[in-house]
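Source file: model31.pdb. Holds: PDB, C-alpha atoms.
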```pdb
ATOM      1  CA  MET K   1     147.761 -28.739  25.514
ATOM      2  CA  SER K   2     149.287 -26.653  28.320
ATOM      3  CA  THR K   3     147.646 -23.493  29.651
ATOM      4  CA  PRO K   4     147.676 -20.525  27.270
ATOM      5  CA  ALA K   5     150.665 -18.191  27.339
ATOM      6  CA  SER K   6     150.492 -15.366  29.865
ATOM      7  CA  ASP K   7     149.853 -11.787  28.819
ATOM      8  CA  LEU K   8     153.500 -11.038  29.569
ATOM      9  CA  THR K   9     154.721 -13.800  27.233
ATOM     10  CA  THR K  10     152.325 -12.691  24.502
ATOM     11  CA  THR K  11     153.397  -9.066  24.828
ATOM     12  CA  ALA K  12     157.074 -10.062  24.745
ATOM     13  CA  LEU K  13     156.510 -12.007  21.525
ATOM     14  CA  MET K  14     154.491  -9.297  19.808
ATOM     15  CA  GLY K  15     156.913  -6.494  20.667
ATOM     16  CA  SER K  16     160.029  -8.444  19.751
ATOM     17  CA  VAL K  17     158.788  -9.679  16.395
ATOM     18  CA  THR K  18     156.770  -6.722  15.136
ATOM     19  CA  ALA K  19     159.560  -4.155  15.684
ATOM     20  CA  PRO K  20     161.960  -5.491  13.003
ATOM     21  CA  ALA K  21     159.047  -6.447  10.731
ATOM     22  CA  THR K  22     157.519  -2.972  10.729
ATOM     23  CA  HIS K  23     160.960  -1.477  10.122
ATOM     24  CA  ASP K  24     161.194  -3.690   7.034
ATOM     25  CA  LEU K  25     157.742  -2.522   5.938
ATOM     26  CA  MET K  26     158.921   1.091   6.228
ATOM     27  CA  ASN K  27     161.766   0.190   3.876
ATOM     28  CA  VAL K  28     159.330  -1.412   1.430
ATOM     29  CA  LEU K  29     157.307   1.810   1.361
ATOM     30  CA  ALA K  30     160.480   3.910   1.137
ATOM     31  CA  ILE K  31     161.677   2.023  -1.949
ATOM     32  CA  ILE K  32     158.271   2.270  -3.652
ATOM     33  CA  ASN K  33     158.225   5.968  -2.774
ATOM     34  CA  GLU K  34     161.670   6.586  -4.300
ATOM     35  CA  HIS K  35     160.930   4.675  -7.516
ATOM     36  CA  ALA K  36     157.617   6.484  -7.980
ATOM     37  CA  GLY K  37     159.400   9.745  -7.151
ATOM     38  CA  LEU K  38     162.134   9.060  -9.684
ATOM     39  CA  LEU K  39     159.599   8.453 -12.460
ATOM     40  CA  SER K  40     157.876  11.692 -11.495
ATOM     41  CA  ASP K  41     161.235  13.548 -11.422
ATOM     42  CA  LEU K  42     162.132  12.307 -14.891
ATOM     43  CA  LEU K  43     158.792  13.581 -16.213
ATOM     44  CA  GLN K  44     159.128  16.898 -14.383
ATOM     45  CA  PHE K  45     162.823  17.723 -14.876
ATOM     46  CA  GLY K  46     164.121  15.516 -17.637
ATOM     47  CA  GLY K  47     162.454  16.869 -20.749
ATOM     48  CA  PRO K  48     160.255  14.955 -23.173
ATOM     49  CA  GLU K  49     162.680  12.078 -23.836
ATOM     50  CA  ALA K  50     164.049  11.541 -20.325
ATOM     51  CA  LEU K  51     161.447   9.011 -19.261
ATOM     52  CA  THR K  52     162.413   6.052 -21.444
ATOM     53  CA  PRO K  53     160.622   2.679 -21.646
ATOM     54  CA  GLU K  54     163.644   1.212 -19.806
ATOM     55  CA  HIS K  55     163.135   3.652 -16.928
ATOM     56  CA  LEU K  56     159.464   2.725 -16.783
ATOM     57  CA  GLU K  57     160.140  -1.008 -16.912
ATOM     58  CA  LYS K  58     162.811  -0.777 -14.204
ATOM     59  CA  GLY K  59     160.596   1.333 -11.941
ATOM     60  CA  ILE K  60     157.543  -0.886 -12.396
ATOM     61  CA  ALA K  61     159.569  -4.070 -11.784
ATOM     62  CA  ALA K  62     161.112  -2.597  -8.621
ATOM     63  CA  ILE K  63     157.711  -1.536  -7.309
ATOM     64  CA  ALA K  64     156.244  -4.981  -8.070
ATOM     65  CA  THR K  65     159.133  -6.650  -6.211
ATOM     66  CA  GLN K  66     158.507  -4.474  -3.159
ATOM     67  CA  VAL K  67     154.761  -5.117  -3.260
ATOM     68  CA  THR K  68     155.518  -8.875  -3.145
ATOM     69  CA  ARG K  69     157.970  -8.311  -0.273
ATOM     70  CA  GLY K  70     155.397  -6.234   1.616
ATOM     71  CA  ARG K  71     152.607  -8.743   1.005
ATOM     72  CA  THR K  72     154.778 -11.586   2.356
ATOM     73  CA  LEU K  73     155.604  -9.580   5.483
ATOM     74  CA  LEU K  74     151.948  -8.693   6.047
ATOM     75  CA  THR K  75     150.832 -12.314   5.567
ATOM     76  CA  HIS K  76     153.299 -13.390   8.247
ATOM     77  CA  LEU K  77     152.286 -10.500  10.522
ATOM     78  CA  ASN K  78     148.625 -11.441  10.176
ATOM     79  CA  ARG K  79     149.374 -15.056  11.105
ATOM     80  CA  LEU K  80     151.390 -13.821  14.103
ATOM     81  CA  ALA K  81     148.511 -11.573  15.179
ATOM     82  CA  HIS K  82     146.248 -14.637  15.403
ATOM     83  CA  ALA K  83     148.695 -16.629  17.568
ATOM     84  CA  PRO K  84     147.035 -15.622  20.870
ATOM     85  CA  ASP K  85     143.516 -16.392  19.596
ATOM     86  CA  PRO K  86     141.389 -18.460  21.981
ATOM     87  CA  ASN K  87     140.976 -22.085  20.857
ATOM     88  CA  PRO K  88     143.934 -21.966  18.434
ATOM     89  CA  SER K  89     144.109 -24.449  15.605
ATOM     90  CA  PRO K  90     146.971 -26.997  15.599
ATOM     91  CA  VAL K  91     150.328 -25.359  14.956
ATOM     92  CA  ASP K  92     152.299 -26.062  11.784
ATOM     93  CA  VAL K  93     155.722 -25.418  13.310
ATOM     94  CA  GLY K  94     157.377 -25.465   9.874
ATOM     95  CA  LEU K  95     155.201 -22.518   8.821
ATOM     96  CA  VAL K  96     155.708 -20.812  12.178
ATOM     97  CA  THR K  97     159.501 -21.072  11.811
ATOM     98  CA  GLU K  98     159.305 -19.601   8.323
ATOM     99  CA  GLU K  99     157.162 -16.783   9.756
ATOM    100  CA  ILE K 100     159.518 -15.860  12.609
ATOM    101  CA  VAL K 101     162.634 -16.068  10.411
ATOM    102  CA  ALA K 102     161.015 -13.787   7.812
ATOM    103  CA  LEU K 103     159.676 -11.238  10.302
ATOM    104  CA  THR K 104     162.991 -10.934  12.161
ATOM    105  CA  GLN K 105     165.276 -11.079   9.124
ATOM    106  CA  ARG K 106     166.451  -7.515   9.636
ATOM    107  CA  ARG K 107     167.322  -8.152  13.253
ATOM    108  CA  PHE K 108     168.931 -11.598  13.128
ATOM    109  CA  HIS K 109     170.060 -11.969   9.510
ATOM    110  CA  ALA K 110     168.810 -15.572   9.474
ATOM    111  CA  ARG K 111     167.391 -17.493   6.541
ATOM    112  CA  LEU K 112     165.916 -20.878   5.787
ATOM    113  CA  ALA K 113     168.494 -23.046   4.039
ATOM    114  CA  ALA K 114     165.663 -24.903   2.246
ATOM    115  CA  PRO K 115     161.858 -24.746   2.293
ATOM    116  CA  ALA K 116     160.656 -25.716   5.760
ATOM    117  CA  SER K 117     159.049 -29.140   6.177
ATOM    118  CA  SER K 118     155.495 -29.025   7.401
ATOM    119  CA  GLY K 119     154.792 -30.527  10.820
ATOM    120  CA  ILE K 120     151.634 -30.179  12.898
ATOM    121  CA  VAL K 121     152.490 -30.027  16.586
ATOM    122  CA  THR K 122     150.184 -29.762  19.591
ATOM    123  CA  CYS K 123     151.718 -26.871  21.510
ATOM    124  CA  ASP K 124     151.004 -23.309  22.560
ATOM    125  CA  PRO K 125     151.308 -21.103  19.432
ATOM    126  CA  VAL K 126     152.659 -18.104  21.373
ATOM    127  CA  ARG K 127     155.280 -20.016  23.376
ATOM    128  CA  VAL K 128     156.647 -21.881  20.347
ATOM    129  CA  ARG K 129     157.047 -18.608  18.437
ATOM    130  CA  LEU K 130     158.761 -16.900  21.366
ATOM    131  CA  LEU K 131     161.091 -19.883  21.765
ATOM    132  CA  ILE K 132     162.122 -19.765  18.089
ATOM    133  CA  PHE K 133     162.667 -16.011  18.437
ATOM    134  CA  ARG K 134     164.852 -16.497  21.533
ATOM    135  CA  LEU K 135     166.879 -19.233  19.853
ATOM    136  CA  LEU K 136     167.540 -16.970  16.879
ATOM    137  CA  GLU K 137     168.531 -14.181  19.264
ATOM    138  CA  ALA K 138     170.889 -16.472  21.167
ATOM    139  CA  ALA K 139     172.466 -18.008  18.057
ATOM    140  CA  CYS K 140     172.801 -15.076  15.662
ATOM    141  CA  HIS K 141     176.047 -13.304  14.893
ATOM    142  CA  PRO K 142     176.525 -10.477  17.434
ATOM    143  CA  THR K 143     176.613  -7.796  14.721
ATOM    144  CA  GLN K 144     174.599  -9.701  12.088
ATOM    145  CA  GLN K 145     177.566  -9.725   9.714
ATOM    146  CA  GLU K 146     177.093 -13.424   9.008
ATOM    147  CA  GLU K 147     173.913 -15.362   8.369
ATOM    148  CA  THR K 148     172.361 -17.899  10.683
ATOM    149  CA  LEU K 149     171.064 -20.857   8.672
ATOM    150  CA  VAL K 150     167.815 -22.498   9.750
ATOM    151  CA  THR K 151     166.554 -25.876   8.565
ATOM    152  CA  VAL K 152     163.247 -27.539   9.413
ATOM    153  CA  THR K 153     163.112 -31.251   8.670
ATOM    154  CA  SER K 154     160.769 -34.056   9.650
ATOM    155  CA  GLN K 155     161.966 -37.559  10.484
ATOM    156  CA  GLY K 156     159.192 -39.958  11.327
ATOM    157  CA  ALA K 157     157.166 -38.440  14.135
ATOM    158  CA  THR K 158     159.712 -35.737  14.937
ATOM    159  CA  LEU K 159     160.133 -32.252  13.539
ATOM    160  CA  ASP K 160     163.628 -30.791  13.965
ATOM    161  CA  ILE K 161     164.388 -27.097  13.771
ATOM    162  CA  THR K 162     168.158 -26.661  13.469
ATOM    163  CA  LEU K 163     169.954 -23.341  13.739
ATOM    164  CA  GLU K 164     173.541 -23.139  12.520
ATOM    165  CA  GLY K 165     174.483 -20.044  14.445
ATOM    166  CA  HIS K 166     177.535 -18.223  15.718
ATOM    167  CA  ARG K 167     177.305 -18.585  19.479
ATOM    168  CA  PRO K 168     176.833 -21.375  22.000
ATOM    169  CA  LEU K 169     173.616 -21.427  24.032
ATOM    170  CA  GLU K 170     174.503 -19.987  27.415
ATOM    171  CA  HIS K 171     171.662 -21.777  29.211
ATOM    172  CA  PRO K 172     168.705 -23.965  28.243
ATOM    173  CA  ASP K 173     165.475 -22.118  27.587
ATOM    174  CA  PRO K 174     162.673 -23.210  29.957
ATOM    175  CA  LEU K 175     160.132 -22.572  27.198
ATOM    176  CA  ALA K 176     161.350 -25.739  25.448
ATOM    177  CA  GLU K 177     160.200 -27.899  28.354
ATOM    178  CA  GLU K 178     156.972 -25.908  28.674
ATOM    179  CA  ILE K 179     155.967 -26.824  25.110
ATOM    180  CA  GLY K 180     157.187 -30.422  25.394
ATOM    181  CA  ALA K 181     160.166 -29.956  23.066
ATOM    182  CA  LEU K 182     163.726 -31.225  23.376
ATOM    183  CA  LEU K 183     166.472 -28.626  22.936
ATOM    184  CA  THR K 184     169.968 -29.910  22.191
ATOM    185  CA  SER K 185     173.066 -27.901  21.467
ATOM    186  CA  HIS K 186     176.493 -28.701  20.056
ATOM    187  CA  HIS K 187     178.964 -25.814  19.764
ATOM    188  CA  HIS K 188     177.083 -23.263  17.617
ATOM    189  CA  THR K 189     174.415 -25.636  16.274
ATOM    190  CA  HIS K 190     171.156 -25.827  18.180
ATOM    191  CA  THR K 191     168.270 -28.187  17.490
ATOM    192  CA  LEU K 192     164.734 -28.031  18.764
ATOM    193  CA  SER K 193     162.874 -31.349  18.377
ATOM    194  CA  LEU K 194     159.089 -31.516  18.597
ATOM    195  CA  LYS K 195     156.709 -34.439  18.419
ATOM    196  CA  ILE K 196     154.462 -34.279  15.367
ATOM    197  CA  THR K 197     150.784 -34.818  16.166
ATOM    198  CA  ASP K 198     149.263 -37.911  14.569
TER     199      ASP K 198
ATOM    200  CA  MET A   1     180.908  22.681  -7.697
ATOM    201  CA  ASN A   2     177.834  20.558  -6.979
ATOM    202  CA  PRO A   3     177.297  19.637  -3.315
ATOM    203  CA  ARG A   4     178.650  16.126  -2.631
ATOM    204  CA  VAL A   5     176.315  13.814  -0.761
ATOM    205  CA  LEU A   6     177.238  10.405   0.652
ATOM    206  CA  LEU A   7     174.278   8.071   1.209
ATOM    207  CA  ILE A   8     174.749   5.078   3.551
ATOM    208  CA  ASP A   9     171.892   2.556   3.749
ATOM    209  CA  ASP A  10     171.800  -1.235   3.462
ATOM    210  CA  GLU A  11     168.673  -1.134   1.258
ATOM    211  CA  LYS A  12     170.397  -0.967  -2.132
ATOM    212  CA  GLU A  13     167.251  -0.194  -4.126
ATOM    213  CA  PHE A  14     166.460   2.679  -1.808
ATOM    214  CA  VAL A  15     169.900   4.219  -1.727
ATOM    215  CA  THR A  16     170.618   4.007  -5.465
ATOM    216  CA  THR A  17     167.217   5.413  -6.436
ATOM    217  CA  LEU A  18     167.471   8.264  -3.948
ATOM    218  CA  ALA A  19     170.966   9.024  -5.288
ATOM    219  CA  GLU A  20     169.549   9.189  -8.814
ATOM    220  CA  ARG A  21     166.880  11.638  -7.648
ATOM    221  CA  LEU A  22     169.506  13.841  -5.991
ATOM    222  CA  GLU A  23     171.671  13.767  -9.128
ATOM    223  CA  ILE A  24     168.702  14.991 -11.191
ATOM    224  CA  ARG A  25     168.758  17.952  -8.768
ATOM    225  CA  GLU A  26     172.466  18.499  -9.482
ATOM    226  CA  PHE A  27     173.971  16.941  -6.410
ATOM    227  CA  SER A  28     177.027  14.757  -6.759
ATOM    228  CA  THR A  29     176.443  11.461  -4.941
ATOM    229  CA  ALA A  30     178.201   8.361  -3.690
ATOM    230  CA  THR A  31     176.510   5.374  -2.048
ATOM    231  CA  ALA A  32     177.511   2.742   0.476
ATOM    232  CA  GLU A  33     175.491  -0.247   1.692
ATOM    233  CA  ASP A  34     177.135  -0.533   5.100
ATOM    234  CA  GLY A  35     178.900   1.593   7.661
ATOM    235  CA  GLU A  36     182.393   0.260   6.972
ATOM    236  CA  THR A  37     182.167   1.069   3.240
ATOM    237  CA  GLY A  38     180.775   4.507   4.059
ATOM    238  CA  LEU A  39     183.679   5.246   6.391
ATOM    239  CA  ALA A  40     186.159   4.091   3.741
ATOM    240  CA  LEU A  41     184.606   6.535   1.269
ATOM    241  CA  ILE A  42     184.855   9.362   3.810
ATOM    242  CA  ARG A  43     188.546   8.561   4.374
ATOM    243  CA  LYS A  44     189.212   8.655   0.627
ATOM    244  CA  GLY A  45     187.001  11.527  -0.502
ATOM    245  CA  THR A  46     185.442  14.786   0.495
ATOM    246  CA  PHE A  47     181.742  15.128   1.130
ATOM    247  CA  ASP A  48     179.544  18.055   2.114
ATOM    248  CA  VAL A  49     176.832  16.023   3.828
ATOM    249  CA  VAL A  50     176.124  12.410   4.795
ATOM    250  CA  ILE A  51     172.690  10.757   4.789
ATOM    251  CA  LEU A  52     172.925   7.797   7.158
ATOM    252  CA  ASP A  53     170.439   5.011   7.925
ATOM    253  CA  LEU A  54     170.259   4.045  11.585
ATOM    254  CA  LEU A  55     169.422   0.346  11.419
ATOM    255  CA  MET A  56     171.947  -1.594   9.359
ATOM    256  CA  PRO A  57     173.513  -5.015   9.828
ATOM    257  CA  GLY A  58     177.135  -4.993  10.910
ATOM    258  CA  MET A  59     178.105  -1.534  12.084
ATOM    259  CA  ASN A  60     174.801   0.192  12.828
ATOM    260  CA  GLY A  61     174.031   3.841  12.143
ATOM    261  CA  LEU A  62     174.899   5.190  15.594
ATOM    262  CA  GLU A  63     178.252   3.355  15.602
ATOM    263  CA  THR A  64     178.977   4.661  12.105
ATOM    264  CA  LEU A  65     178.057   8.166  13.266
ATOM    265  CA  LYS A  66     180.560   7.970  16.141
ATOM    266  CA  HIS A  67     183.318   7.017  13.669
ATOM    267  CA  ILE A  68     182.315   9.825  11.304
ATOM    268  CA  ARG A  69     182.494  12.342  14.168
ATOM    269  CA  HIS A  70     186.045  11.109  14.827
ATOM    270  CA  LEU A  71     187.126  11.114  11.160
ATOM    271  CA  ALA A  72     185.424  14.326  10.051
ATOM    272  CA  PRO A  73     184.109  16.279  13.053
ATOM    273  CA  ASP A  74     182.548  19.046  10.946
ATOM    274  CA  LEU A  75     180.850  16.844   8.330
ATOM    275  CA  PRO A  76     177.079  17.221   8.750
ATOM    276  CA  VAL A  77     175.162  13.958   9.101
ATOM    277  CA  ILE A  78     171.405  13.593   8.570
ATOM    278  CA  LEU A  79     169.963  10.363   9.958
ATOM    279  CA  LEU A  80     167.247   8.215   8.420
ATOM    280  CA  THR A  81     165.085   5.965  10.503
ATOM    281  CA  GLY A  82     162.461   3.410   9.626
ATOM    282  CA  HIS A  83     161.419   3.153  13.252
ATOM    283  CA  GLY A  84     157.986   4.350  14.263
ATOM    284  CA  SER A  85     159.422   6.451  17.068
ATOM    285  CA  THR A  86     161.761   9.420  17.213
ATOM    286  CA  ARG A  87     163.893   8.019  20.049
ATOM    287  CA  GLU A  88     166.696   6.709  17.836
ATOM    288  CA  GLY A  89     166.790   9.973  15.882
ATOM    289  CA  MET A  90     167.123  11.941  19.127
ATOM    290  CA  ASP A  91     169.904   9.575  20.276
ATOM    291  CA  GLY A  92     171.698  10.318  17.026
ATOM    292  CA  MET A  93     171.356  14.063  17.476
ATOM    293  CA  ARG A  94     172.912  13.741  20.928
ATOM    294  CA  LEU A  95     175.856  12.067  19.177
ATOM    295  CA  GLY A  96     176.232  14.988  16.786
ATOM    296  CA  ALA A  97     173.866  14.398  13.863
ATOM    297  CA  VAL A  98     172.385  17.658  12.583
ATOM    298  CA  ASP A  99     168.897  16.239  12.029
ATOM    299  CA  TYR A 100     166.897  13.109  11.279
ATOM    300  CA  LEU A 101     164.097  12.074   8.941
ATOM    301  CA  MET A 102     161.650   9.175   8.963
ATOM    302  CA  LYS A 103     161.243   6.804   6.040
ATOM    303  CA  PRO A 104     159.489   6.972   3.636
ATOM    304  CA  LEU A 105     160.975  10.357   2.772
ATOM    305  CA  ALA A 106     159.350  13.383   1.217
ATOM    306  CA  ILE A 107     162.096  14.592  -1.139
ATOM    307  CA  GLU A 108     161.251  18.221  -0.332
ATOM    308  CA  ASP A 109     161.946  17.570   3.373
ATOM    309  CA  LEU A 110     165.264  15.936   2.575
ATOM    310  CA  LEU A 111     166.295  18.802   0.292
ATOM    311  CA  GLU A 112     165.405  21.295   3.034
ATOM    312  CA  LYS A 113     167.484  19.377   5.613
ATOM    313  CA  ILE A 114     170.422  19.164   3.183
ATOM    314  CA  LYS A 115     170.167  22.898   2.519
ATOM    315  CA  GLU A 116     170.196  23.627   6.249
ATOM    316  CA  ALA A 117     173.110  21.245   6.798
ATOM    317  CA  LEU A 118     175.146  22.859   4.014
ATOM    318  CA  ALA A 119     174.472  26.308   5.463
ATOM    319  CA  SER A 120     175.499  25.269   8.982
TER     320      SER A 120
END
```

Whole structure given in structure tokens:
Amino acid sequence: MSTPASDLTTTALMGSVTAPATHDLMNVLAIINEHAGLLSDLLQFGGPEALTPEHLEKGIAAIATQVTRGRTLLTHLNRLAHAPDPNPSPVDVGLVTEEIVALTQRRFHARLAAPASSGIVTCDPVRVRLLIFRLLEAACHPTQQEETLVTVTSQGATLDITLEGHRPLEHPDPLAEEIGALLTSHHHTHTLSLKITD
Amino acid sequence: MNPRVLLIDDEKEFVTTLAERLEIREFSTATAEDGETGLALIRKGTFDVVILDLLMPGMNGLETLKHIRHLAPDLPVILLTGHGSTREGMDGMRLGAVDYLMKPLAIEDLLEKIKEALAS
């Protein structure tokens, strides 16, 4: 494996990915806050029959949905936080792609077209995350009005991450070479190919 | 007539629930999930105050604010931000927003800001 990512690379990754993710977490809390507040309002202002079972069911379901959303974000954030650990374990790049897409959803409006294939790759866990982030940034719609579709598929010993974006890549990213990956681009579709570890 | 509040935020669950809470308090509300829809509502109707989220896909909050200032220069706009810093809120105030609040909201704070905006 190559030398660990520099402090600058690690800081760039952490700042770029945690900003949209924490914004999303604020929204999770805001929605829970409003649903809890609405139930309280109905009790306080609505009279004895205002708070119906339907109101309760709707509020509870909405809160449960947001708790799941928040838990998913925090699971991904925790995994990201461990990326710069010394002696990192082998990287499942399928999981890592899922993580970066989820954490930056608000910023890039990207989504996985299908569940990501698993693929263990021997590479630096910080660099590969930053590369996926940069590819999403380069490929996404300029105003996020249209989705960027991401697929992760394995074919033999190769794991392909394909982004169907909205812009051509202006220049190849040197991080691809640094992690031993091949980056190819055709119009607005960009594919990062990595060798799966035996 | 009840004060008319337009809420613009791409988080549908948030914006519809907050609207319901304002209606319990006898505000009249309309909601939009993006800047373009919000601007269309402002062109068609009359509002006393706008609550506007800063970070939205498509036209973001600051862009939407610039258009609102052009369409309805005197319409007070209160910004919402989910960011952990106040920088974006301050940027918005430089563009003419009357105030900003951080998510999650305390309803009492929002009501106070609306009251101040209506009095301005």

Can I get the residues of chain K within 10 Å of chain A, each with the closest pair of atoms and their distance in Å to one decimal, using only C-alpha atoms, sorted chain first then ascending number, as a Markdown table?
```
| residue | atom | partner | partner_atom | distance |
| --- | --- | --- | --- | --- |
| K:Ala19 | CA | A:His83 | CA | 7.9 |
| K:Pro20 | CA | A:His83 | CA | 8.7 |
| K:Thr22 | CA | A:His83 | CA | 7.7 |
| K:His23 | CA | A:Gly82 | CA | 5.1 |
| K:Asp24 | CA | A:Gly82 | CA | 7.7 |
| K:Leu25 | CA | A:Gly82 | CA | 8.4 |
| K:Met26 | CA | A:Gly82 | CA | 5.4 |
| K:Asn27 | CA | A:Gly82 | CA | 6.6 |
| K:Val28 | CA | A:Pro104 | CA | 8.7 |
| K:Leu29 | CA | A:Pro104 | CA | 6.0 |
| K:Ala30 | CA | A:Pro104 | CA | 4.1 |
| K:Ile31 | CA | A:Phe14 | CA | 4.8 |
| K:Ile32 | CA | A:Phe14 | CA | 8.4 |
| K:Asn33 | CA | A:Pro104 | CA | 6.6 |
| K:Glu34 | CA | A:Leu18 | CA | 6.0 |
| K:His35 | CA | A:Thr17 | CA | 6.4 |
| K:Ala36 | CA | A:Thr17 | CA | 9.8 |
| K:Gly37 | CA | A:Arg21 | CA | 7.7 |
| K:Leu38 | CA | A:Arg21 | CA | 5.8 |
| K:Leu39 | CA | A:Arg21 | CA | 9.3 |
| K:Ser40 | CA | A:Arg21 | CA | 9.8 |
| K:Asp41 | CA | A:Arg21 | CA | 7.1 |
| K:Leu42 | CA | A:Ile24 | CA | 8.0 |
| K:Phe45 | CA | A:Ile24 | CA | 7.5 |
| K:Gly46 | CA | A:Ile24 | CA | 7.9 |
| K:Gly59 | CA | A:Thr17 | CA | 9.5 |
| K:Ala62 | CA | A:Glu13 | CA | 8.0 |
| K:Gln66 | CA | A:Glu13 | CA | 9.8 |
| K:Arg106 | CA | A:Pro57 | CA | 7.5 |
| K:Arg107 | CA | A:Pro57 | CA | 7.7 |
| K:Phe108 | CA | A:Pro57 | CA | 8.7 |
| K:His109 | CA | A:Pro57 | CA | 7.8 |
| K:His141 | CA | A:Gly58 | CA | 9.3 |
| K:Pro142 | CA | A:Gly58 | CA | 8.5 |
| K:Thr143 | CA | A:Gly58 | CA | 4.8 |
| K:Gln144 | CA | A:Pro57 | CA | 5.3 |
| K:Gln145 | CA | A:Gly58 | CA | 4.9 |
| K:Glu146 | CA | A:Gly58 | CA | 8.6 |
```

Apply the PyMOL selection byres ((chain K and resi 181) around 8) to the structure shown and report the selected residues as a ChimeraX atom specification.
-> /K:176-180,182-183,192-195

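Counting from atom CA of K:Gly165, the distance to atom CA of K:Glu98 is 16.4 Å.
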
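Coordinates place atom CA of K:Ala116 at a distance of 22.7 Å from atom CA of K:Pro84.
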
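Evaluated against the shown file, the PyMOL selection byres ((chain K and resi 9-15) around 9) gives K:Ala5, K:Ser6, K:Asp7, K:Leu8, K:Ser16, K:Val17, K:Thr18, K:Ala19, K:Leu80, K:Ala81, K:Ala83, K:Pro84, K:Val126, K:Arg127, K:Arg129, K:Leu130, K:Phe133.
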
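When you apply the PyMOL selection byres ((chain A and resi 117) around 9) to this structure, what comes back is Asp48, Val49, Pro76, Val77, Ile78, Val98, Asp99, Glu112, Lys113, Ile114, Lys115, Glu116, Leu118, Ala119 and Ser120 of chain A.
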
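The gap separating atom CA of A:Gly61 from atom CA of A:Arg94 is 13.3 Å, in Å to one decimal.
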
Contacts of A:Ala40 at 12 Å or less, counting only C-alpha atoms, minus same-chain residues fewer than 3 places along, as a ChimeraX atom specification?
-> /A:6,8,30-37,43-46,64,67-68,71

Around all listed atoms of stretch 140-143 of chain K, padded 4 Å per side, what centre and edge lengths does the axis-aligned box have in Å to one decimal, as lines of an AutoDock Vina configuration file?
```
center_x = 174.7
center_y = -11.4
center_z = 16.1
size_x = 11.8
size_y = 15.3
size_z = 10.7
```
